[in-house]
$ cat protein-v6.cif   # mmCIF, N, CA, C and O atoms and all ligand atoms
data_start
loop_
_atom_site.label_atom_id
_atom_site.label_comp_id
_atom_site.auth_asym_id
_atom_site.auth_seq_id
_atom_site.Cartn_x
_atom_site.Cartn_y
_atom_site.Cartn_z
N MET A 23 -12.72 10.42 -6.58
CA MET A 23 -11.51 9.62 -6.77
C MET A 23 -10.53 9.87 -5.64
O MET A 23 -10.38 10.97 -5.16
N ALA A 24 -9.84 8.82 -5.25
CA ALA A 24 -8.84 8.92 -4.19
C ALA A 24 -8.03 7.64 -4.19
O ALA A 24 -8.40 6.68 -4.85
N TYR A 25 -6.92 7.67 -3.48
CA TYR A 25 -6.18 6.43 -3.28
C TYR A 25 -6.84 5.68 -2.12
O TYR A 25 -7.42 6.29 -1.22
N ILE A 26 -6.75 4.34 -2.18
CA ILE A 26 -7.28 3.51 -1.11
C ILE A 26 -6.18 2.54 -0.67
O ILE A 26 -5.47 1.99 -1.51
N ILE A 27 -6.05 2.34 0.62
CA ILE A 27 -5.06 1.40 1.15
C ILE A 27 -5.72 0.03 1.26
O ILE A 27 -6.73 -0.14 1.96
N ASN A 28 -5.13 -0.95 0.58
CA ASN A 28 -5.75 -2.28 0.59
C ASN A 28 -5.24 -3.14 1.75
O ASN A 28 -4.45 -2.70 2.58
N ASP A 29 -5.70 -4.39 1.79
CA ASP A 29 -5.41 -5.26 2.93
C ASP A 29 -3.95 -5.70 3.03
O ASP A 29 -3.56 -6.35 4.01
N ALA A 30 -3.14 -5.35 2.04
CA ALA A 30 -1.73 -5.71 2.10
C ALA A 30 -0.99 -4.87 3.15
O ALA A 30 0.10 -5.22 3.58
N CYS A 31 -1.59 -3.78 3.57
CA CYS A 31 -0.96 -2.85 4.53
C CYS A 31 -0.51 -3.57 5.80
O CYS A 31 -1.27 -4.33 6.40
N ILE A 32 0.75 -3.30 6.18
CA ILE A 32 1.30 -3.89 7.40
C ILE A 32 1.44 -2.84 8.51
O ILE A 32 2.13 -3.04 9.49
N SER A 33 0.76 -1.71 8.32
CA SER A 33 0.73 -0.64 9.34
C SER A 33 2.11 -0.15 9.75
O SER A 33 2.36 0.08 10.94
N CYS A 34 3.00 0.02 8.78
CA CYS A 34 4.35 0.49 9.10
C CYS A 34 4.36 1.99 9.39
O CYS A 34 5.26 2.50 10.04
N GLY A 35 3.38 2.70 8.86
CA GLY A 35 3.26 4.13 9.12
C GLY A 35 4.05 5.03 8.19
O GLY A 35 3.99 6.26 8.32
N ALA A 36 4.79 4.48 7.26
CA ALA A 36 5.65 5.29 6.38
C ALA A 36 4.85 6.30 5.56
O ALA A 36 5.30 7.42 5.33
N CYS A 37 3.69 5.92 5.12
CA CYS A 37 2.90 6.79 4.24
C CYS A 37 2.34 8.02 4.96
O CYS A 37 2.20 9.07 4.35
N GLU A 38 2.06 7.87 6.23
CA GLU A 38 1.40 8.96 6.97
C GLU A 38 2.19 10.26 6.90
O GLU A 38 1.63 11.33 6.66
N ALA A 39 3.50 10.16 7.07
CA ALA A 39 4.34 11.36 7.07
C ALA A 39 4.54 11.94 5.68
O ALA A 39 4.90 13.11 5.54
N GLU A 40 4.32 11.16 4.65
CA GLU A 40 4.54 11.62 3.28
C GLU A 40 3.36 12.36 2.67
O GLU A 40 3.50 13.10 1.71
N CYS A 41 2.19 12.17 3.20
CA CYS A 41 0.99 12.76 2.60
C CYS A 41 0.97 14.28 2.78
O CYS A 41 0.97 14.77 3.91
N PRO A 42 0.96 15.04 1.68
CA PRO A 42 1.00 16.51 1.76
C PRO A 42 -0.25 17.14 2.35
O PRO A 42 -0.22 18.28 2.80
N VAL A 43 -1.35 16.40 2.35
CA VAL A 43 -2.58 16.95 2.92
C VAL A 43 -2.97 16.24 4.22
O VAL A 43 -4.07 16.45 4.74
N GLU A 44 -2.04 15.43 4.72
CA GLU A 44 -2.22 14.77 6.02
C GLU A 44 -3.57 14.06 6.16
O GLU A 44 -4.27 14.23 7.15
N CYS A 45 -3.91 13.28 5.13
CA CYS A 45 -5.20 12.60 5.19
C CYS A 45 -5.06 11.10 5.46
O CYS A 45 -6.03 10.35 5.32
N ILE A 46 -3.86 10.65 5.87
CA ILE A 46 -3.66 9.24 6.20
C ILE A 46 -3.54 9.09 7.71
O ILE A 46 -2.85 9.84 8.37
N SER A 47 -4.25 8.09 8.24
CA SER A 47 -4.18 7.86 9.68
C SER A 47 -4.27 6.36 9.98
O SER A 47 -4.70 5.57 9.14
N ALA A 48 -3.86 5.99 11.18
CA ALA A 48 -3.91 4.59 11.57
C ALA A 48 -5.35 4.15 11.82
O ALA A 48 -6.09 4.82 12.52
N GLY A 49 -5.72 3.01 11.23
CA GLY A 49 -7.04 2.46 11.47
C GLY A 49 -6.94 1.25 12.39
O GLY A 49 -5.89 1.00 12.97
N ASP A 50 -7.99 0.48 12.48
CA ASP A 50 -7.99 -0.68 13.38
C ASP A 50 -7.01 -1.76 12.93
O ASP A 50 -6.24 -2.28 13.74
N ASP A 51 -7.04 -2.13 11.66
CA ASP A 51 -6.16 -3.21 11.20
C ASP A 51 -5.27 -2.81 10.04
O ASP A 51 -4.50 -3.61 9.53
N LYS A 52 -5.38 -1.55 9.60
CA LYS A 52 -4.52 -1.02 8.55
C LYS A 52 -4.65 0.49 8.56
O LYS A 52 -5.52 1.03 9.23
N TYR A 53 -3.78 1.17 7.82
CA TYR A 53 -3.89 2.62 7.71
C TYR A 53 -5.00 2.96 6.72
O TYR A 53 -5.31 2.18 5.81
N VAL A 54 -5.60 4.12 6.91
CA VAL A 54 -6.72 4.51 6.06
C VAL A 54 -6.52 5.92 5.50
O VAL A 54 -5.86 6.75 6.11
N ILE A 55 -7.08 6.15 4.33
CA ILE A 55 -6.99 7.45 3.65
C ILE A 55 -8.35 8.15 3.67
O ILE A 55 -9.37 7.53 3.38
N GLY A 56 -8.32 9.41 4.05
CA GLY A 56 -9.53 10.21 4.01
C GLY A 56 -9.81 10.61 2.57
O GLY A 56 -9.13 11.47 2.02
N ALA A 57 -10.77 9.96 1.96
CA ALA A 57 -11.02 10.13 0.52
C ALA A 57 -11.36 11.56 0.13
O ALA A 57 -11.00 12.01 -0.97
N ASP A 58 -11.99 12.29 1.00
CA ASP A 58 -12.40 13.66 0.66
C ASP A 58 -11.21 14.59 0.50
O ASP A 58 -11.26 15.54 -0.27
N ALA A 59 -10.13 14.32 1.25
CA ALA A 59 -8.98 15.21 1.23
C ALA A 59 -7.90 14.77 0.25
O ALA A 59 -7.10 15.58 -0.21
N CYS A 60 -7.86 13.49 -0.10
CA CYS A 60 -6.81 12.95 -0.97
C CYS A 60 -6.78 13.64 -2.33
O CYS A 60 -7.82 13.77 -2.99
N ILE A 61 -5.58 14.09 -2.73
CA ILE A 61 -5.43 14.78 -4.02
C ILE A 61 -4.78 13.87 -5.07
O ILE A 61 -4.35 14.34 -6.12
N GLU A 62 -4.67 12.56 -4.73
CA GLU A 62 -4.14 11.57 -5.68
C GLU A 62 -2.73 11.88 -6.15
O GLU A 62 -2.41 11.70 -7.33
N CYS A 63 -1.89 12.35 -5.25
CA CYS A 63 -0.52 12.68 -5.64
C CYS A 63 0.35 11.44 -5.80
O CYS A 63 1.37 11.48 -6.47
N GLY A 64 -0.02 10.35 -5.11
CA GLY A 64 0.75 9.11 -5.21
C GLY A 64 1.94 9.01 -4.28
O GLY A 64 2.67 8.02 -4.33
N ALA A 65 2.15 10.00 -3.44
CA ALA A 65 3.31 9.97 -2.53
C ALA A 65 3.26 8.77 -1.59
O ALA A 65 4.28 8.17 -1.29
N CYS A 66 2.09 8.43 -1.14
CA CYS A 66 1.95 7.28 -0.23
C CYS A 66 2.36 5.99 -0.92
O CYS A 66 3.06 5.15 -0.35
N ALA A 67 1.94 5.83 -2.14
CA ALA A 67 2.28 4.62 -2.89
C ALA A 67 3.79 4.54 -3.12
O ALA A 67 4.37 3.45 -3.14
N GLY A 68 4.43 5.70 -3.26
CA GLY A 68 5.85 5.73 -3.53
C GLY A 68 6.71 5.24 -2.38
O GLY A 68 7.82 4.77 -2.60
N VAL A 69 6.22 5.36 -1.15
CA VAL A 69 7.01 4.94 0.00
C VAL A 69 6.55 3.62 0.60
O VAL A 69 7.22 3.05 1.45
N CYS A 70 5.42 3.12 0.17
CA CYS A 70 4.88 1.90 0.77
C CYS A 70 5.68 0.65 0.36
O CYS A 70 5.86 0.40 -0.83
N PRO A 71 6.13 -0.13 1.33
CA PRO A 71 6.93 -1.34 1.02
C PRO A 71 6.12 -2.47 0.42
O PRO A 71 6.69 -3.41 -0.14
N VAL A 72 4.80 -2.40 0.51
CA VAL A 72 3.97 -3.51 0.02
C VAL A 72 2.95 -3.06 -1.04
O VAL A 72 2.01 -3.78 -1.36
N ASP A 73 3.13 -1.85 -1.58
CA ASP A 73 2.23 -1.32 -2.61
C ASP A 73 0.76 -1.37 -2.21
O ASP A 73 -0.10 -1.67 -3.05
N ALA A 74 0.48 -1.07 -0.96
CA ALA A 74 -0.92 -1.13 -0.50
C ALA A 74 -1.79 0.04 -0.99
O ALA A 74 -2.97 -0.17 -1.29
N PRO A 75 -1.26 1.26 -1.08
CA PRO A 75 -2.12 2.35 -1.57
C PRO A 75 -2.29 2.23 -3.09
O PRO A 75 -1.31 2.18 -3.82
N GLN A 76 -3.50 2.19 -3.56
CA GLN A 76 -3.77 2.06 -4.98
C GLN A 76 -4.84 3.08 -5.39
O GLN A 76 -5.71 3.42 -4.61
N PRO A 77 -4.76 3.56 -6.65
CA PRO A 77 -5.79 4.48 -7.13
C PRO A 77 -7.14 3.77 -7.10
O PRO A 77 -7.22 2.59 -7.45
N GLU A 78 -8.17 4.46 -6.69
CA GLU A 78 -9.50 3.87 -6.62
C GLU A 78 -9.99 3.47 -8.00
O GLU A 78 -9.74 4.20 -8.95
S1 LIG A 101 -2.29 9.93 -2.91
FE1 LIG A 101 -1.24 11.71 -1.97
S2 LIG A 101 -2.90 12.92 -1.06
FE2 LIG A 101 -3.73 10.86 -1.43
S3 LIG A 101 -3.38 9.75 0.49
FE3 LIG A 101 -1.64 9.33 -0.85
S4 LIG A 101 -0.08 10.87 -0.23
FE4 LIG A 101 -2.08 11.57 0.56
S1 LIG A 102 3.31 2.67 3.89
FE1 LIG A 102 2.02 0.94 3.15
S2 LIG A 102 2.26 -0.68 4.68
FE2 LIG A 102 2.98 1.24 5.61
S3 LIG A 102 1.17 2.06 6.70
FE3 LIG A 102 1.21 2.99 4.66
S4 LIG A 102 -0.07 1.67 3.37
FE4 LIG A 102 0.42 0.52 5.23
#
$ encode --input "protein-v6.cif" --output "structure tokens" --more "lines below"
Ligand code: SF4
Ligand code: SF4
Amino acid sequence: MAYIINDACISCGACEAECPVECISAGDDKYVIGADACIECGACAGVCPVDAPQPE
């Protein structure tokens, strides 16, 4: 289980700095979450302006 960033992502980068385990990084067309490291804290979803990070 992990959070996944969906296609609504506008690559603003806000979530990257909020992740306590630093598992979010910029991808080709959106930001991506490293599923193995994600602890499902929800911090990324809390700062996202478009609600792109969602629980898997
Ligand atoms: S849910 Fe928490 S641990 Fe998982 S990517 Fe978002 S901020 Fe990082
Ligand atoms: S905060 Fe939301 S829109 Fe911004 S990079 Fe993260 S997932 Fe994408």
$ closest_residue --input "protein-v6.cif" --among "A:Tyr53, A:Gly68, A:Cys31, A:Tyr25" --to "ligand LIG 101 (chain A)" --atoms "only C-alpha atoms and all ligand atoms"
A:Tyr25
$ residues_near_ligand --input "protein-v6.cif" --ligand "ligand LIG 102 (chain A)" --cutoff "7 Å" --atoms "only C-alpha atoms and all ligand atoms" --output "list in words"
Ile27, Ala30, Cys31, Ile32, Ser33, Cys34, Gly35, Ala36, Cys37, Glu38, Lys52, Tyr53, Cys66, Val69, Cys70, Pro71, Val72, Asp73, Ala74 and Pro75 of chain A
$ residues_near_ligand --input "protein-v6.cif" --ligand "ligand LIG 101 (chain A)" --cutoff "5 Å" --atoms "only N, CA, C and O atoms and all ligand atoms" --output "list in words"
Tyr25, Glu40, Cys41, Pro42, Cys60, Ile61, Glu62, Cys63, Gly64, Ala65 and Cys66 of chain A
$ residues_around --input "protein-v6.cif" --residues "A:Cys45" --least-positions-apart "2" --cutoff "4.5 Å" --atoms "all atoms listed in the file" --output "PyMOL selection string"
chain A and resi 43+47+54-56
$ select_by_dssp --input "protein-v6.cif" --residues "chain A" --states "strand (DSSP E or B)" --output "mmCIF file with N, CA, C and O atoms, in the frame of the given file"
data_model
loop_
_atom_site.group_PDB
_atom_site.id
_atom_site.type_symbol
_atom_site.label_atom_id
_atom_site.label_comp_id
_atom_site.auth_asym_id
_atom_site.auth_seq_id
_atom_site.Cartn_x
_atom_site.Cartn_y
_atom_site.Cartn_z
ATOM 1 N N TYR A 25 -6.920 7.670 -3.480
ATOM 2 C CA TYR A 25 -6.180 6.430 -3.280
ATOM 3 C C TYR A 25 -6.840 5.680 -2.120
ATOM 4 O O TYR A 25 -7.420 6.290 -1.220
ATOM 5 N N ILE A 26 -6.750 4.340 -2.180
ATOM 6 C CA ILE A 26 -7.280 3.510 -1.110
ATOM 7 C C ILE A 26 -6.180 2.540 -0.670
ATOM 8 O O ILE A 26 -5.470 1.990 -1.510
ATOM 9 N N ILE A 27 -6.050 2.340 0.620
ATOM 10 C CA ILE A 27 -5.060 1.400 1.150
ATOM 11 C C ILE A 27 -5.720 0.030 1.260
ATOM 12 O O ILE A 27 -6.730 -0.140 1.960
ATOM 13 N N ILE A 46 -3.860 10.650 5.870
ATOM 14 C CA ILE A 46 -3.660 9.240 6.200
ATOM 15 C C ILE A 46 -3.540 9.090 7.710
ATOM 16 O O ILE A 46 -2.850 9.840 8.370
ATOM 17 N N SER A 47 -4.250 8.090 8.240
ATOM 18 C CA SER A 47 -4.180 7.860 9.680
ATOM 19 C C SER A 47 -4.270 6.360 9.980
ATOM 20 O O SER A 47 -4.700 5.570 9.140
ATOM 21 N N ALA A 48 -3.860 5.990 11.180
ATOM 22 C CA ALA A 48 -3.910 4.590 11.570
ATOM 23 C C ALA A 48 -5.350 4.150 11.820
ATOM 24 O O ALA A 48 -6.090 4.820 12.520
ATOM 25 N N TYR A 53 -3.780 1.170 7.820
ATOM 26 C CA TYR A 53 -3.890 2.620 7.710
ATOM 27 C C TYR A 53 -5.000 2.960 6.720
ATOM 28 O O TYR A 53 -5.310 2.180 5.810
ATOM 29 N N VAL A 54 -5.600 4.120 6.910
ATOM 30 C CA VAL A 54 -6.720 4.510 6.060
ATOM 31 C C VAL A 54 -6.520 5.920 5.500
ATOM 32 O O VAL A 54 -5.860 6.750 6.110
ATOM 33 N N ILE A 55 -7.080 6.150 4.330
ATOM 34 C CA ILE A 55 -6.990 7.450 3.650
ATOM 35 C C ILE A 55 -8.350 8.150 3.670
ATOM 36 O O ILE A 55 -9.370 7.530 3.380
ATOM 37 N N PRO A 75 -1.260 1.260 -1.080
ATOM 38 C CA PRO A 75 -2.120 2.350 -1.570
ATOM 39 C C PRO A 75 -2.290 2.230 -3.090
ATOM 40 O O PRO A 75 -1.310 2.180 -3.820
ATOM 41 N N GLN A 76 -3.500 2.190 -3.560
ATOM 42 C CA GLN A 76 -3.770 2.060 -4.980
ATOM 43 C C GLN A 76 -4.840 3.080 -5.390
ATOM 44 O O GLN A 76 -5.710 3.420 -4.610
ATOM 45 N N PRO A 77 -4.760 3.560 -6.650
ATOM 46 C CA PRO A 77 -5.790 4.480 -7.130
ATOM 47 C C PRO A 77 -7.140 3.770 -7.100
ATOM 48 O O PRO A 77 -7.220 2.590 -7.450
#
$ atom_distance --input "protein-v6.cif" --atom1 "atom O of A:Glu44" --atom2 "atom C of A:Ala59"
7.8 Å
$ closest_residue --input "protein-v6.cif" --among "A:Ala39, A:Ala67, A:Gln76, A:Gly49" --to "A:Ala24" --atoms "only N, CA, C and O atoms"
A:Gln76
$ atom_distance --input "protein-v6.cif" --atom1 "atom N of A:Met23" --atom2 "atom O of A:Ala57"
6.1 Å
$ atom_distance --input "protein-v6.cif" --atom1 "atom N of A:Asp29" --atom2 "atom C of A:Ala48"
13.2 Å
$ axis_aligned_box --input "protein-v6.cif" --around "stretch 50-66 of chain A" --padding-each-side "6 Å" --output "JSON"
{"center_x": -4.1, "center_y": 6.0, "center_z": 3.2, "size_x": 28.7, "size_y": 31.2, "size_z": 33.1}
$ build_atoms --input "protein-v6.cif" --residues "stretch 31-42 of chain A" --atoms "all heavy atoms" --output "PDB file, in the coordinates of the input"
ATOM      1  N   CYS A  31      -1.590  -3.780   3.570  1.00  0.00           N
ATOM      2  CA  CYS A  31      -0.960  -2.850   4.530  1.00  0.00           C
ATOM      3  C   CYS A  31      -0.510  -3.570   5.800  1.00  0.00           C
ATOM      4  O   CYS A  31      -1.270  -4.330   6.400  1.00  0.00           O
ATOM      5  CB  CYS A  31      -1.963  -1.750   4.894  1.00  0.00           C
ATOM      6  SG  CYS A  31      -1.369  -0.619   6.181  1.00  0.00           S
ATOM      7  N   ILE A  32       0.750  -3.300   6.180  1.00  0.00           N
ATOM      8  CA  ILE A  32       1.300  -3.890   7.400  1.00  0.00           C
ATOM      9  C   ILE A  32       1.440  -2.840   8.510  1.00  0.00           C
ATOM     10  O   ILE A  32       2.130  -3.040   9.490  1.00  0.00           O
ATOM     11  CB  ILE A  32       2.684  -4.540   7.124  1.00  0.00           C
ATOM     12  CG1 ILE A  32       3.642  -3.519   6.489  1.00  0.00           C
ATOM     13  CG2 ILE A  32       2.533  -5.772   6.226  1.00  0.00           C
ATOM     14  CD1 ILE A  32       5.083  -4.032   6.352  1.00  0.00           C
ATOM     15  N   SER A  33       0.760  -1.710   8.320  1.00  0.00           N
ATOM     16  CA  SER A  33       0.730  -0.640   9.340  1.00  0.00           C
ATOM     17  C   SER A  33       2.110  -0.150   9.750  1.00  0.00           C
ATOM     18  O   SER A  33       2.360   0.080  10.940  1.00  0.00           O
ATOM     19  CB  SER A  33      -0.060  -1.106  10.581  1.00  0.00           C
ATOM     20  OG  SER A  33      -1.411  -1.346  10.254  1.00  0.00           O
ATOM     21  N   CYS A  34       3.000   0.020   8.780  1.00  0.00           N
ATOM     22  CA  CYS A  34       4.350   0.490   9.100  1.00  0.00           C
ATOM     23  C   CYS A  34       4.360   1.990   9.390  1.00  0.00           C
ATOM     24  O   CYS A  34       5.260   2.500  10.040  1.00  0.00           O
ATOM     25  CB  CYS A  34       5.306   0.164   7.969  1.00  0.00           C
ATOM     26  SG  CYS A  34       5.085   1.176   6.490  1.00  0.00           S
ATOM     27  N   GLY A  35       3.380   2.700   8.860  1.00  0.00           N
ATOM     28  CA  GLY A  35       3.260   4.130   9.120  1.00  0.00           C
ATOM     29  C   GLY A  35       4.050   5.030   8.190  1.00  0.00           C
ATOM     30  O   GLY A  35       3.990   6.260   8.320  1.00  0.00           O
ATOM     31  N   ALA A  36       4.790   4.480   7.260  1.00  0.00           N
ATOM     32  CA  ALA A  36       5.650   5.290   6.380  1.00  0.00           C
ATOM     33  C   ALA A  36       4.850   6.300   5.560  1.00  0.00           C
ATOM     34  O   ALA A  36       5.300   7.420   5.330  1.00  0.00           O
ATOM     35  CB  ALA A  36       6.442   4.383   5.457  1.00  0.00           C
ATOM     36  N   CYS A  37       3.690   5.920   5.120  1.00  0.00           N
ATOM     37  CA  CYS A  37       2.900   6.790   4.240  1.00  0.00           C
ATOM     38  C   CYS A  37       2.340   8.020   4.960  1.00  0.00           C
ATOM     39  O   CYS A  37       2.200   9.070   4.350  1.00  0.00           O
ATOM     40  CB  CYS A  37       1.752   6.010   3.626  1.00  0.00           C
ATOM     41  SG  CYS A  37       0.675   5.214   4.852  1.00  0.00           S
ATOM     42  N   GLU A  38       2.060   7.870   6.230  1.00  0.00           N
ATOM     43  CA  GLU A  38       1.400   8.960   6.970  1.00  0.00           C
ATOM     44  C   GLU A  38       2.190  10.260   6.900  1.00  0.00           C
ATOM     45  O   GLU A  38       1.630  11.330   6.660  1.00  0.00           O
ATOM     46  CB  GLU A  38       1.174   8.539   8.425  1.00  0.00           C
ATOM     47  CG  GLU A  38       0.404   9.571   9.237  1.00  0.00           C
ATOM     48  CD  GLU A  38       0.097   9.095  10.647  1.00  0.00           C
ATOM     49  OE1 GLU A  38       0.673   8.082  11.089  1.00  0.00           O
ATOM     50  OE2 GLU A  38      -0.733   9.753  11.319  1.00  0.00           O
ATOM     51  N   ALA A  39       3.500  10.160   7.070  1.00  0.00           N
ATOM     52  CA  ALA A  39       4.340  11.360   7.070  1.00  0.00           C
ATOM     53  C   ALA A  39       4.540  11.940   5.680  1.00  0.00           C
ATOM     54  O   ALA A  39       4.900  13.110   5.540  1.00  0.00           O
ATOM     55  CB  ALA A  39       5.700  11.025   7.687  1.00  0.00           C
ATOM     56  N   GLU A  40       4.320  11.160   4.650  1.00  0.00           N
ATOM     57  CA  GLU A  40       4.540  11.620   3.280  1.00  0.00           C
ATOM     58  C   GLU A  40       3.360  12.360   2.670  1.00  0.00           C
ATOM     59  O   GLU A  40       3.500  13.100   1.710  1.00  0.00           O
ATOM     60  CB  GLU A  40       4.868  10.417   2.374  1.00  0.00           C
ATOM     61  CG  GLU A  40       6.189   9.743   2.711  1.00  0.00           C
ATOM     62  CD  GLU A  40       7.387  10.679   2.535  1.00  0.00           C
ATOM     63  OE1 GLU A  40       7.405  11.421   1.557  1.00  0.00           O
ATOM     64  OE2 GLU A  40       8.262  10.667   3.423  1.00  0.00           O
ATOM     65  N   CYS A  41       2.190  12.170   3.200  1.00  0.00           N
ATOM     66  CA  CYS A  41       0.990  12.760   2.600  1.00  0.00           C
ATOM     67  C   CYS A  41       0.970  14.280   2.780  1.00  0.00           C
ATOM     68  O   CYS A  41       0.970  14.770   3.910  1.00  0.00           O
ATOM     69  CB  CYS A  41      -0.268  12.155   3.221  1.00  0.00           C
ATOM     70  SG  CYS A  41      -1.770  12.827   2.506  1.00  0.00           S
ATOM     71  N   PRO A  42       0.960  15.040   1.680  1.00  0.00           N
ATOM     72  CA  PRO A  42       1.000  16.510   1.760  1.00  0.00           C
ATOM     73  C   PRO A  42      -0.250  17.140   2.350  1.00  0.00           C
ATOM     74  O   PRO A  42      -0.220  18.280   2.800  1.00  0.00           O
ATOM     75  CB  PRO A  42       1.211  16.927   0.297  1.00  0.00           C
ATOM     76  CG  PRO A  42       0.613  15.818  -0.493  1.00  0.00           C
ATOM     77  CD  PRO A  42       0.928  14.567   0.286  1.00  0.00           C
TER      78      PRO A  42
END
